[in-house]
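Student: Contents are mmCIF, C-alpha atoms; file name work-v2.cif:
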```cif
data_input
loop_
_atom_site.group_PDB
_atom_site.id
_atom_site.type_symbol
_atom_site.label_atom_id
_atom_site.label_comp_id
_atom_site.auth_asym_id
_atom_site.auth_seq_id
_atom_site.Cartn_x
_atom_site.Cartn_y
_atom_site.Cartn_z
ATOM 1 C CA MET A 1064 115.487 140.085 59.114
ATOM 2 C CA ILE A 1065 113.733 137.262 60.933
ATOM 3 C CA ARG A 1066 110.488 138.365 62.502
ATOM 4 C CA PRO A 1067 109.913 137.168 66.096
ATOM 5 C CA GLU A 1068 107.233 134.501 66.496
ATOM 6 C CA PRO A 1069 103.737 135.742 67.400
ATOM 7 C CA VAL A 1070 103.284 135.718 71.173
ATOM 8 C CA GLN A 1071 100.329 133.338 71.077
ATOM 9 C CA VAL A 1072 102.382 130.741 69.190
ATOM 10 C CA VAL A 1073 105.161 130.967 71.771
ATOM 11 C CA LYS A 1074 102.719 130.761 74.685
ATOM 12 C CA ALA A 1075 100.816 127.838 73.231
ATOM 13 C CA ARG A 1076 104.021 125.885 72.676
ATOM 14 C CA ARG A 1077 105.420 126.577 76.162
ATOM 15 C CA ASP A 1078 102.165 126.052 78.048
ATOM 16 C CA GLY A 1079 101.496 122.904 76.044
ATOM 17 C CA ALA A 1080 104.941 121.516 76.838
ATOM 18 C CA LEU A 1081 104.519 122.296 80.532
ATOM 19 C CA ALA A 1082 101.054 120.737 80.668
ATOM 20 C CA TRP A 1083 102.374 117.514 79.127
ATOM 21 C CA LEU A 1084 105.377 117.424 81.432
ATOM 22 C CA ALA A 1085 103.443 118.150 84.632
ATOM 23 C CA GLY A 1086 100.478 116.015 83.576
ATOM 24 C CA SER A 1087 102.729 113.013 82.999
ATOM 25 C CA VAL A 1088 103.136 112.359 86.733
ATOM 26 C CA PRO A 1089 100.021 110.644 88.146
ATOM 27 C CA TYR A 1090 101.107 111.205 91.761
ATOM 28 C CA ALA A 1091 101.401 114.988 91.177
ATOM 29 C CA ALA A 1092 97.830 114.946 89.852
ATOM 30 C CA PHE A 1093 96.687 112.885 92.864
ATOM 31 C CA LEU A 1094 98.038 115.571 95.212
ATOM 32 C CA GLY A 1095 96.508 118.288 92.982
ATOM 33 C CA ILE A 1096 99.819 120.008 92.145
ATOM 34 C CA ARG A 1097 99.798 122.453 89.226
ATOM 35 C CA PHE A 1098 102.418 124.816 87.804
ATOM 36 C CA ASP A 1099 102.343 128.551 87.092
ATOM 37 C CA ARG A 1100 104.751 129.747 84.408
ATOM 38 C CA ARG A 1101 106.294 133.187 83.902
ATOM 39 C CA GLY A 1102 108.719 132.870 80.982
ATOM 40 C CA ASP A 1103 110.903 129.941 81.994
ATOM 41 C CA GLU A 1104 110.233 130.427 85.731
ATOM 42 C CA LEU A 1105 107.972 127.837 87.330
ATOM 43 C CA THR A 1106 106.043 128.024 90.578
ATOM 44 C CA ALA A 1107 104.424 124.842 91.828
ATOM 45 C CA VAL A 1108 101.038 125.313 93.501
ATOM 46 C CA LEU A 1109 99.484 122.839 95.936
ATOM 47 C CA PRO A 1110 95.850 123.871 96.550
ATOM 48 C CA PHE A 1111 94.688 122.855 100.015
ATOM 49 C CA ASP A 1112 92.615 119.704 100.317
ATOM 50 C CA GLU A 1113 91.339 117.785 103.353
ATOM 51 C CA LYS A 1114 93.214 114.632 102.278
ATOM 52 C CA LEU A 1115 96.566 116.436 102.648
ATOM 53 C CA ILE A 1116 96.145 116.786 106.423
ATOM 54 C CA GLY A 1117 98.576 114.916 108.673
ATOM 55 C CA ASN A 1118 97.508 116.177 112.057
ATOM 56 C CA PRO A 1119 93.755 116.766 112.319
ATOM 57 C CA ALA A 1120 94.096 118.313 115.808
ATOM 58 C CA LEU A 1121 96.190 121.307 114.681
ATOM 59 C CA PRO A 1122 95.350 120.935 111.691
ATOM 60 C CA ALA A 1123 98.566 120.798 109.660
ATOM 61 C CA LEU A 1124 99.730 119.436 106.296
ATOM 62 C CA HIS A 1125 101.200 115.914 106.454
ATOM 63 C CA GLY A 1126 105.026 115.942 106.503
ATOM 64 C CA GLY A 1127 104.927 113.405 103.704
ATOM 65 C CA VAL A 1128 102.784 115.738 101.585
ATOM 66 C CA THR A 1129 105.315 118.508 102.089
ATOM 67 C CA ALA A 1130 108.145 116.141 101.147
ATOM 68 C CA ALA A 1131 106.289 114.934 98.064
ATOM 69 C CA PHE A 1132 105.429 118.509 97.027
ATOM 70 C CA LEU A 1133 109.111 119.512 97.234
ATOM 71 C CA GLU A 1134 110.221 116.405 95.355
ATOM 72 C CA VAL A 1135 107.687 116.870 92.542
ATOM 73 C CA THR A 1136 108.745 120.536 92.249
ATOM 74 C CA ALA A 1137 112.416 119.519 92.042
ATOM 75 C CA ILE A 1138 111.855 116.829 89.382
ATOM 76 C CA ILE A 1139 109.538 118.889 87.178
ATOM 77 C CA GLY A 1140 111.656 122.044 87.687
ATOM 78 C CA LEU A 1141 114.851 120.257 86.679
ATOM 79 C CA SER A 1142 113.205 118.535 83.721
ATOM 80 C CA TRP A 1143 111.701 121.822 82.557
ATOM 81 C CA ALA A 1144 115.054 123.599 82.753
ATOM 82 C CA THR A 1145 116.904 120.879 80.867
ATOM 83 C CA LEU A 1146 114.183 120.424 78.242
ATOM 84 C CA TRP A 1147 113.541 124.142 77.721
ATOM 85 C CA GLU A 1148 116.116 124.503 74.962
ATOM 86 C CA ALA A 1149 114.859 121.419 73.201
ATOM 87 C CA PHE A 1150 111.280 122.721 73.360
ATOM 88 C CA GLU A 1151 112.327 126.113 72.053
ATOM 89 C CA ALA A 1152 114.410 124.703 69.211
ATOM 90 C CA GLY A 1153 111.555 122.418 68.207
ATOM 91 C CA ARG A 1154 113.641 119.271 68.779
ATOM 92 C CA LEU A 1155 110.830 117.734 70.835
ATOM 93 C CA ASP A 1156 107.829 116.834 68.736
ATOM 94 C CA PRO A 1157 104.637 118.262 70.335
ATOM 95 C CA ALA A 1158 102.480 115.644 68.629
ATOM 96 C CA LYS A 1159 104.546 112.814 70.128
ATOM 97 C CA MET A 1160 104.490 114.433 73.560
ATOM 98 C CA ALA A 1161 100.739 114.910 73.427
ATOM 99 C CA ALA A 1162 100.460 111.187 72.640
ATOM 100 C CA GLY A 1163 102.324 110.415 75.859
ATOM 101 C CA ASP A 1164 105.763 109.849 74.363
ATOM 102 C CA LEU A 1165 107.558 112.021 76.917
ATOM 103 C CA PRO A 1166 111.269 112.332 77.505
ATOM 104 C CA PRO A 1167 112.372 110.302 80.581
ATOM 105 C CA LEU A 1168 112.390 112.165 83.907
ATOM 106 C CA PRO A 1169 115.373 112.522 86.277
ATOM 107 C CA ARG A 1170 115.377 110.049 89.199
ATOM 108 C CA THR A 1171 115.857 110.968 92.849
ATOM 109 C CA ILE A 1172 119.064 109.665 94.438
ATOM 110 C CA ASP A 1173 118.553 111.234 97.853
ATOM 111 C CA PHE A 1174 116.388 113.858 99.366
ATOM 112 C CA THR A 1175 116.614 115.924 102.584
ATOM 113 C CA VAL A 1176 113.726 117.954 103.968
ATOM 114 C CA ASP A 1177 114.038 120.639 106.572
ATOM 115 C CA TYR A 1178 110.674 121.289 108.242
ATOM 116 C CA LEU A 1179 110.817 124.889 109.421
ATOM 117 C CA ARG A 1180 107.240 125.314 110.609
ATOM 118 C CA ALA A 1181 103.883 123.545 110.388
ATOM 119 C CA GLY A 1182 102.214 123.562 106.984
ATOM 120 C CA LEU A 1183 98.940 125.445 107.469
ATOM 121 C CA PRO A 1184 95.617 124.229 106.024
ATOM 122 C CA ARG A 1185 95.818 126.521 102.991
ATOM 123 C CA ASP A 1186 97.493 126.650 99.557
ATOM 124 C CA ALA A 1187 101.262 126.156 99.342
ATOM 125 C CA TYR A 1188 103.777 127.265 96.711
ATOM 126 C CA ALA A 1189 107.264 126.048 95.827
ATOM 127 C CA ARG A 1190 110.119 126.925 93.543
ATOM 128 C CA ALA A 1191 113.214 124.933 92.634
ATOM 129 C CA ARG A 1192 116.694 126.345 92.170
ATOM 130 C CA ILE A 1193 119.087 124.229 90.149
ATOM 131 C CA ASN A 1194 122.494 124.509 91.758
ATOM 132 C CA ARG A 1195 124.108 122.076 89.389
ATOM 133 C CA SER A 1196 122.844 120.222 86.368
ATOM 134 C CA GLY A 1197 125.496 117.966 84.878
ATOM 135 C CA ARG A 1198 125.404 115.229 82.295
ATOM 136 C CA ARG A 1199 124.759 112.537 84.931
ATOM 137 C CA PHE A 1200 123.963 114.245 88.220
ATOM 138 C CA ALA A 1201 122.040 117.282 89.377
ATOM 139 C CA SER A 1202 121.674 119.082 92.694
ATOM 140 C CA VAL A 1203 118.465 121.037 93.260
ATOM 141 C CA GLN A 1204 117.234 123.144 96.161
ATOM 142 C CA VAL A 1205 113.520 123.669 96.727
ATOM 143 C CA GLU A 1206 111.739 126.167 98.906
ATOM 144 C CA ALA A 1207 108.061 126.000 99.884
ATOM 145 C CA TRP A 1208 106.026 128.796 101.417
ATOM 146 C CA GLN A 1209 102.402 129.715 102.095
ATOM 147 C CA ASP A 1210 101.280 133.218 103.064
ATOM 148 C CA ASN A 1211 104.664 134.891 103.091
ATOM 149 C CA ARG A 1212 107.416 134.246 100.562
ATOM 150 C CA GLU A 1213 109.990 135.403 103.139
ATOM 151 C CA ARG A 1214 108.882 132.750 105.631
ATOM 152 C CA PRO A 1215 109.323 129.348 103.975
ATOM 153 C CA PHE A 1216 107.756 126.398 105.857
ATOM 154 C CA ALA A 1217 110.013 123.746 104.319
ATOM 155 C CA LEU A 1218 113.286 123.506 102.428
ATOM 156 C CA GLY A 1219 114.434 120.555 100.380
ATOM 157 C CA SER A 1220 117.761 119.500 98.959
ATOM 158 C CA VAL A 1221 117.582 116.866 96.233
ATOM 159 C CA HIS A 1222 120.242 114.950 94.290
ATOM 160 C CA LEU A 1223 119.036 113.420 91.044
ATOM 161 C CA LEU A 1224 120.290 111.077 88.375
ATOM 162 C CA MET A 1225 119.813 112.619 84.933
ATOM 163 C CA PRO A 1226 118.005 110.564 82.302
ATOM 164 C CA PRO A 1227 120.320 109.276 79.555
ATOM 165 C CA ALA A 1228 120.607 111.664 76.616
ATOM 166 C CA PRO A 1229 118.956 110.380 73.410
ATOM 167 C CA GLY A 1230 121.036 107.545 71.977
ATOM 168 C CA GLU A 1231 122.920 106.857 75.212
ATOM 169 C CA PRO A 1232 122.467 103.570 77.075
ATOM 170 C CA ALA A 1233 120.441 103.704 80.306
ATOM 171 C CA GLU A 1234 122.266 103.650 83.625
ATOM 172 C CA MET B 460 97.473 95.835 123.463
ATOM 173 C CA THR B 461 98.727 98.502 125.853
ATOM 174 C CA ASP B 462 97.093 101.917 126.267
ATOM 175 C CA LEU B 463 100.145 103.495 124.723
ATOM 176 C CA THR B 464 99.896 101.353 121.602
ATOM 177 C CA MET B 465 96.157 102.036 121.392
ATOM 178 C CA THR B 466 96.798 105.793 121.548
ATOM 179 C CA ALA B 467 99.436 105.553 118.839
ATOM 180 C CA ARG B 468 97.155 103.415 116.649
ATOM 181 C CA ARG B 469 94.272 105.888 116.987
ATOM 182 C CA PHE B 470 96.658 108.730 116.199
ATOM 183 C CA ILE B 471 97.779 107.115 112.947
ATOM 184 C CA GLU B 472 94.339 105.964 111.847
ATOM 185 C CA SER B 473 93.017 109.516 112.259
ATOM 186 C CA ILE B 474 95.503 110.969 109.734
ATOM 187 C CA PRO B 475 93.543 111.923 106.584
ATOM 188 C CA HIS B 476 96.591 111.691 104.321
ATOM 189 C CA ALA B 477 97.527 108.226 105.617
ATOM 190 C CA ARG B 478 93.992 107.101 104.732
ATOM 191 C CA ALA B 479 94.182 108.817 101.324
ATOM 192 C CA LEU B 480 97.312 106.791 100.499
ATOM 193 C CA GLY B 481 95.690 103.552 101.717
ATOM 194 C CA MET B 482 98.227 103.029 104.504
ATOM 195 C CA CYS B 483 97.636 100.194 106.915
ATOM 196 C CA LEU B 484 99.320 99.758 110.288
ATOM 197 C CA LYS B 485 100.827 96.275 110.668
ATOM 198 C CA GLU B 486 102.900 96.374 113.835
ATOM 199 C CA LEU B 487 103.329 98.940 116.536
ATOM 200 C CA GLY B 488 104.986 99.078 119.921
ATOM 201 C CA ASP B 489 108.082 99.919 121.915
ATOM 202 C CA GLY B 490 109.327 102.582 119.522
ATOM 203 C CA LYS B 491 108.894 100.451 116.401
ATOM 204 C CA ALA B 492 106.256 100.757 113.681
ATOM 205 C CA THR B 493 105.519 98.847 110.472
ATOM 206 C CA ILE B 494 103.103 100.384 107.964
ATOM 207 C CA VAL B 495 102.200 99.036 104.516
ATOM 208 C CA MET B 496 100.910 100.836 101.430
ATOM 209 C CA PRO B 497 99.402 98.740 98.614
ATOM 210 C CA TYR B 498 100.393 99.617 95.041
ATOM 211 C CA ASP B 499 98.060 102.139 93.427
ATOM 212 C CA THR B 500 98.348 103.542 89.883
ATOM 213 C CA ARG B 501 97.404 107.015 91.225
ATOM 214 C CA PHE B 502 100.721 107.130 93.115
ATOM 215 C CA VAL B 503 102.879 106.422 90.050
ATOM 216 C CA GLY B 504 105.760 108.774 89.279
ATOM 217 C CA ASP B 505 106.678 107.539 85.822
ATOM 218 C CA PRO B 506 103.801 106.193 83.723
ATOM 219 C CA ALA B 507 106.244 104.640 81.225
ATOM 220 C CA THR B 508 107.462 102.159 83.854
ATOM 221 C CA GLY B 509 104.624 102.227 86.418
ATOM 222 C CA VAL B 510 107.143 102.866 89.209
ATOM 223 C CA LEU B 511 105.723 104.592 92.309
ATOM 224 C CA HIS B 512 106.669 108.225 92.870
ATOM 225 C CA GLY B 513 109.381 108.805 95.473
ATOM 226 C CA GLY B 514 107.039 111.253 97.189
ATOM 227 C CA ALA B 515 104.494 108.522 97.962
ATOM 228 C CA VAL B 516 107.247 106.350 99.458
ATOM 229 C CA SER B 517 108.497 109.400 101.431
ATOM 230 C CA ALA B 518 105.003 110.002 102.818
ATOM 231 C CA LEU B 519 104.804 106.350 103.942
ATOM 232 C CA MET B 520 108.264 106.537 105.550
ATOM 233 C CA ASP B 521 107.404 109.809 107.294
ATOM 234 C CA THR B 522 104.190 108.312 108.683
ATOM 235 C CA ALA B 523 105.931 105.142 109.920
ATOM 236 C CA SER B 524 108.624 107.309 111.529
ATOM 237 C CA GLY B 525 106.080 109.496 113.330
ATOM 238 C CA ALA B 526 104.274 106.332 114.484
ATOM 239 C CA SER B 527 107.487 104.866 115.919
ATOM 240 C CA VAL B 528 107.977 108.074 117.916
ATOM 241 C CA MET B 529 104.373 108.020 119.188
ATOM 242 C CA CYS B 530 104.713 104.468 120.535
ATOM 243 C CA HIS B 531 108.104 105.042 122.184
ATOM 244 C CA PRO B 532 108.090 104.256 125.932
ATOM 245 C CA ALA B 533 108.710 107.979 126.588
ATOM 246 C CA ALA B 534 104.955 108.284 125.792
ATOM 247 C CA PRO B 535 104.925 111.553 123.822
ATOM 248 C CA VAL B 536 101.598 113.319 123.380
ATOM 249 C CA ALA B 537 102.527 114.704 119.958
ATOM 250 C CA THR B 538 105.313 114.730 117.379
ATOM 251 C CA VAL B 539 106.157 116.513 114.145
ATOM 252 C CA THR B 540 108.968 116.006 111.649
ATOM 253 C CA LEU B 541 111.959 118.310 112.055
ATOM 254 C CA ASP B 542 114.185 116.771 109.419
ATOM 255 C CA LEU B 543 114.076 113.716 107.200
ATOM 256 C CA ARG B 544 116.713 112.418 104.813
ATOM 257 C CA ILE B 545 115.876 109.613 102.405
ATOM 258 C CA ASP B 546 118.204 107.641 100.127
ATOM 259 C CA TYR B 547 116.509 105.922 97.196
ATOM 260 C CA MET B 548 118.400 102.733 96.429
ATOM 261 C CA ARG B 549 116.279 101.359 93.596
ATOM 262 C CA PRO B 550 112.853 101.823 91.979
ATOM 263 C CA ALA B 551 110.062 99.906 93.739
ATOM 264 C CA THR B 552 108.800 97.027 91.599
ATOM 265 C CA PRO B 553 105.468 98.065 90.008
ATOM 266 C CA GLY B 554 102.450 96.261 91.442
ATOM 267 C CA GLN B 555 104.055 95.406 94.767
ATOM 268 C CA THR B 556 103.046 96.602 98.248
ATOM 269 C CA ILE B 557 105.545 98.869 100.006
ATOM 270 C CA THR B 558 106.401 98.232 103.646
ATOM 271 C CA ALA B 559 108.057 100.864 105.838
ATOM 272 C CA ARG B 560 109.686 99.769 109.104
ATOM 273 C CA ALA B 561 110.662 102.624 111.395
ATOM 274 C CA GLU B 562 112.484 102.588 114.683
ATOM 275 C CA CYS B 563 112.746 105.429 117.160
ATOM 276 C CA HIS B 564 116.214 104.531 118.447
ATOM 277 C CA HIS B 565 116.925 107.460 120.722
ATOM 278 C CA VAL B 566 115.025 110.218 122.477
ATOM 279 C CA THR B 567 116.123 113.293 124.374
ATOM 280 C CA ARG B 568 113.820 115.514 126.448
ATOM 281 C CA SER B 569 112.438 117.164 123.311
ATOM 282 C CA VAL B 570 113.823 115.358 120.235
ATOM 283 C CA ALA B 571 113.331 111.814 118.881
ATOM 284 C CA PHE B 572 115.730 110.212 116.384
ATOM 285 C CA ILE B 573 114.499 107.632 113.894
ATOM 286 C CA ARG B 574 115.712 105.166 111.277
ATOM 287 C CA VAL B 575 113.380 103.864 108.590
ATOM 288 C CA VAL B 576 113.650 101.288 105.794
ATOM 289 C CA ALA B 577 111.207 100.805 102.903
ATOM 290 C CA THR B 578 111.004 97.516 101.000
ATOM 291 C CA ASP B 579 108.784 96.022 98.339
ATOM 292 C CA GLU B 580 108.097 92.263 98.273
ATOM 293 C CA ASP B 581 111.827 91.561 97.852
ATOM 294 C CA GLU B 582 112.702 92.358 101.445
ATOM 295 C CA ALA B 583 116.393 91.567 101.022
ATOM 296 C CA ARG B 584 116.931 94.638 98.820
ATOM 297 C CA PRO B 585 115.565 97.853 100.383
ATOM 298 C CA VAL B 586 113.930 100.409 98.091
ATOM 299 C CA ALA B 587 114.811 103.373 100.331
ATOM 300 C CA MET B 588 116.333 104.139 103.714
ATOM 301 C CA GLY B 589 115.949 107.231 105.838
ATOM 302 C CA THR B 590 117.041 108.916 109.028
ATOM 303 C CA GLY B 591 115.248 111.752 110.748
ATOM 304 C CA ALA B 592 114.682 113.923 113.772
ATOM 305 C CA PHE B 593 111.201 114.521 115.191
ATOM 306 C CA THR B 594 109.969 116.801 117.932
ATOM 307 C CA LEU B 595 108.897 115.013 121.089
ATOM 308 C CA GLU B 596 106.202 116.692 123.090
ATOM 309 C CA ARG B 597 105.910 115.155 126.532
ATOM 310 C CA ALA B 598 102.825 115.236 128.700
ATOM 311 C CA ARG B 599 102.899 118.080 131.204
ATOM 312 C CA ALA B 600 103.695 116.886 134.750
ATOM 313 C CA LYS B 601 100.524 116.809 136.832
ATOM 314 C CA PRO B 602 100.462 119.631 139.453
#
```
Can you dump the structure from the file as structure tokens?
Tutor:
Amino acid sequence: MIRPEPVQVVKARRDGALAWLAGSVPYAAFLGIRFDRRGDELTAVLPFDEKLIGNPALPALHGGVTAAFLEVTAIIGLSWATLWEAFEAGRLDPAKMAAGDLPPLPRTIDFTVDYLRAGLPRDAYARARINRSGRRFASVQVEAWQDNRERPFALGSVHLLMPPAPGEPAE
Amino acid sequence: MTDLTMTARRFIESIPHARALGMCLKELGDGKATIVMPYDTRFVGDPATGVLHGGAVSALMDTASGASVMCHPAAPVATVTLDLRIDYMRPATPGQTITARAECHHVTRSVAFIRVVATDEDEARPVAMGTGAFTLERARAKP
């Protein structure tokens, strides 16, 4: 009988992989986006900051910040889902990833944002749902909310070009 | 410069996030706005290539679009994005300034429709194009 791995080994591997993936995007760090993980489920968190304001009179989050937050959540969420198996099977070398040798990220083809209500000057959260993840294309929906999960303030729909699988020529 | 253009310019220059991204207003008036954003390594999406993140380009395009609404002859007092759709045609060349040109091409009593194009220094090949709908809040009629 194979004994299950100790929980701390599993956690360290998964949290390490997520930190490298999320930390590899300078723009996500600039906005202050971080990711909470429960098993394979990710929630993106955007802590409020003065520089994220678009309308100082209201005040409200900048529409571009909301768009960027949704897009980052979609890209990292899709990457995480597609790389999860590779992480778990140990096919991605943690040492290489820590050194910055990360697998290529999916690229946005098009992106639609539905602004449902003003983003308030407080923390925001987002989750991505992968509706389709094919060999070349993926379709991802993203939902962002603040105080109330049932009242999203923005929805995004993103089409992405998948990175070439190892050994395949680039698009 | 007309009062309307001055109002729109003040509106844009007071946006904290536009300042944070280093945006600079180039042209403004009659429902058209041009805003530039110099390349900055903090806005990179893929460190392996140095290509800017789509989100930074989206933020620039959203700002230019809102600016084009604010300087429309309908003279709105405020606007917010209702919907924005962006097509990314190619990665922006690393190191180059991004320019977003937005046009508010139609307004109704309460909605403004925009088109926006983002280019790097090769202006013949757009980096991204977008269309959107913005709210249009008109000044209340004086009693």
Student: So, counting all atoms listed in the file, which residue among B:Lys491, B:Arg468, B:Lys485, B:His512 is closest to chain A?
Tutor: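 Smallest separation from chain A among the options: B:His512.
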Student: Would you list the contacts of A:Ala1091 as number ranges by chain, taking every protein, DNA or RNA residue within 9 Å and counting all atoms listed in the file, but skipping same-chain residues closer than 4 positions in sequence?
Tutor: A: 1085-1087, 1095-1097, 1131-1132, 1135; B: 501-504, 512
Student: Can you write out the residues you just picked, keeping C-alpha atoms, as a PDB file, keeping the file's coordinate frame?
Tutor:
```pdb
ATOM      1  CA  ALA A1085     103.443 118.150  84.632  1.00  0.00           C
ATOM      2  CA  GLY A1086     100.478 116.015  83.576  1.00  0.00           C
ATOM      3  CA  SER A1087     102.729 113.013  82.999  1.00  0.00           C
ATOM      4  CA  GLY A1095      96.508 118.288  92.982  1.00  0.00           C
ATOM      5  CA  ILE A1096      99.819 120.008  92.145  1.00  0.00           C
ATOM      6  CA  ARG A1097      99.798 122.453  89.226  1.00  0.00           C
ATOM      7  CA  ALA A1131     106.289 114.934  98.064  1.00  0.00           C
ATOM      8  CA  PHE A1132     105.429 118.509  97.027  1.00  0.00           C
ATOM      9  CA  VAL A1135     107.687 116.870  92.542  1.00  0.00           C
TER      10      VAL A1135
ATOM     11  CA  ARG B 501      97.404 107.015  91.225  1.00  0.00           C
ATOM     12  CA  PHE B 502     100.721 107.130  93.115  1.00  0.00           C
ATOM     13  CA  VAL B 503     102.879 106.422  90.050  1.00  0.00           C
ATOM     14  CA  GLY B 504     105.760 108.774  89.279  1.00  0.00           C
ATOM     15  CA  HIS B 512     106.669 108.225  92.870  1.00  0.00           C
TER      16      HIS B 512
END
```
Student: With all atoms listed in the file considered, list every residue of chain A at most 9 Å from chain B, as a PyMOL selection string.
Tutor: chain A and resi 1087-1093+1113-1119+1124-1135+1163-1165+1167-1168+1170-1181
Student: How many Å lie between atom CA of A:Ser1202 and atom CA of A:Trp1143, rounded to one decimal?
Tutor: 14.5 Å
Student: Between A:Ser1196, A:Ala1080, A:Pro1227, A:Arg1066, which residue has the minimum interatomic distance to A:Phe1150, considering all atoms listed in the file?
Tutor: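 Of the candidates, the smallest distance to A:Phe1150 is held by A:Ala1080.
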Student: Nearest residue to A:Glu1148 out of A:Arg1077, A:Gln1209, A:Ala1107, A:Ala1189, using only C-alpha atoms?
Tutor: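 Closest to A:Glu1148, using only C-alpha atoms: A:Arg1077.
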Student: Could you spell out the hits of the PyMOL selection byres ((chain A and resi 1070-1073) around 12) on the shown file, as an mmCIF file with C-alpha atoms, in the coordinates of the input?
Tutor:
```cif
data_model
loop_
_atom_site.group_PDB
_atom_site.id
_atom_site.type_symbol
_atom_site.label_atom_id
_atom_site.label_comp_id
_atom_site.auth_asym_id
_atom_site.auth_seq_id
_atom_site.Cartn_x
_atom_site.Cartn_y
_atom_site.Cartn_z
ATOM 1 C CA ARG A 1066 110.488 138.365 62.502
ATOM 2 C CA PRO A 1067 109.913 137.168 66.096
ATOM 3 C CA GLU A 1068 107.233 134.501 66.496
ATOM 4 C CA PRO A 1069 103.737 135.742 67.400
ATOM 5 C CA LYS A 1074 102.719 130.761 74.685
ATOM 6 C CA ALA A 1075 100.816 127.838 73.231
ATOM 7 C CA ARG A 1076 104.021 125.885 72.676
ATOM 8 C CA ARG A 1077 105.420 126.577 76.162
ATOM 9 C CA ASP A 1078 102.165 126.052 78.048
ATOM 10 C CA GLY A 1079 101.496 122.904 76.044
ATOM 11 C CA ALA A 1080 104.941 121.516 76.838
ATOM 12 C CA GLY A 1102 108.719 132.870 80.982
ATOM 13 C CA ASP A 1103 110.903 129.941 81.994
ATOM 14 C CA PHE A 1150 111.280 122.721 73.360
ATOM 15 C CA GLU A 1151 112.327 126.113 72.053
ATOM 16 C CA ALA A 1152 114.410 124.703 69.211
ATOM 17 C CA GLY A 1153 111.555 122.418 68.207
#
```
Student: In Å, how far is it from atom CA of B:Val536 to atom CA of B:Gly481?
Tutor: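 Atom-to-atom, atom CA of B:Val536 and atom CA of B:Gly481 are spaced 24.5 Å apart.
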Student: Under the PyMOL selection byres ((chain B and resi 578) around 9), which residues of this model are included? Write them out as an mmCIF file with C-alpha atoms, in the frame of the given file.
Tutor:
```cif
data_model
loop_
_atom_site.group_PDB
_atom_site.id
_atom_site.type_symbol
_atom_site.label_atom_id
_atom_site.label_comp_id
_atom_site.auth_asym_id
_atom_site.auth_seq_id
_atom_site.Cartn_x
_atom_site.Cartn_y
_atom_site.Cartn_z
ATOM 1 C CA ALA B 551 110.062 99.906 93.739
ATOM 2 C CA THR B 556 103.046 96.602 98.248
ATOM 3 C CA ILE B 557 105.545 98.869 100.006
ATOM 4 C CA THR B 558 106.401 98.232 103.646
ATOM 5 C CA ALA B 559 108.057 100.864 105.838
ATOM 6 C CA ARG B 560 109.686 99.769 109.104
ATOM 7 C CA VAL B 576 113.650 101.288 105.794
ATOM 8 C CA ALA B 577 111.207 100.805 102.903
ATOM 9 C CA ASP B 579 108.784 96.022 98.339
ATOM 10 C CA GLU B 580 108.097 92.263 98.273
ATOM 11 C CA ASP B 581 111.827 91.561 97.852
ATOM 12 C CA GLU B 582 112.702 92.358 101.445
ATOM 13 C CA ALA B 583 116.393 91.567 101.022
ATOM 14 C CA ARG B 584 116.931 94.638 98.820
ATOM 15 C CA PRO B 585 115.565 97.853 100.383
ATOM 16 C CA VAL B 586 113.930 100.409 98.091
ATOM 17 C CA ALA B 587 114.811 103.373 100.331
ATOM 18 C CA MET B 588 116.333 104.139 103.714
#
```
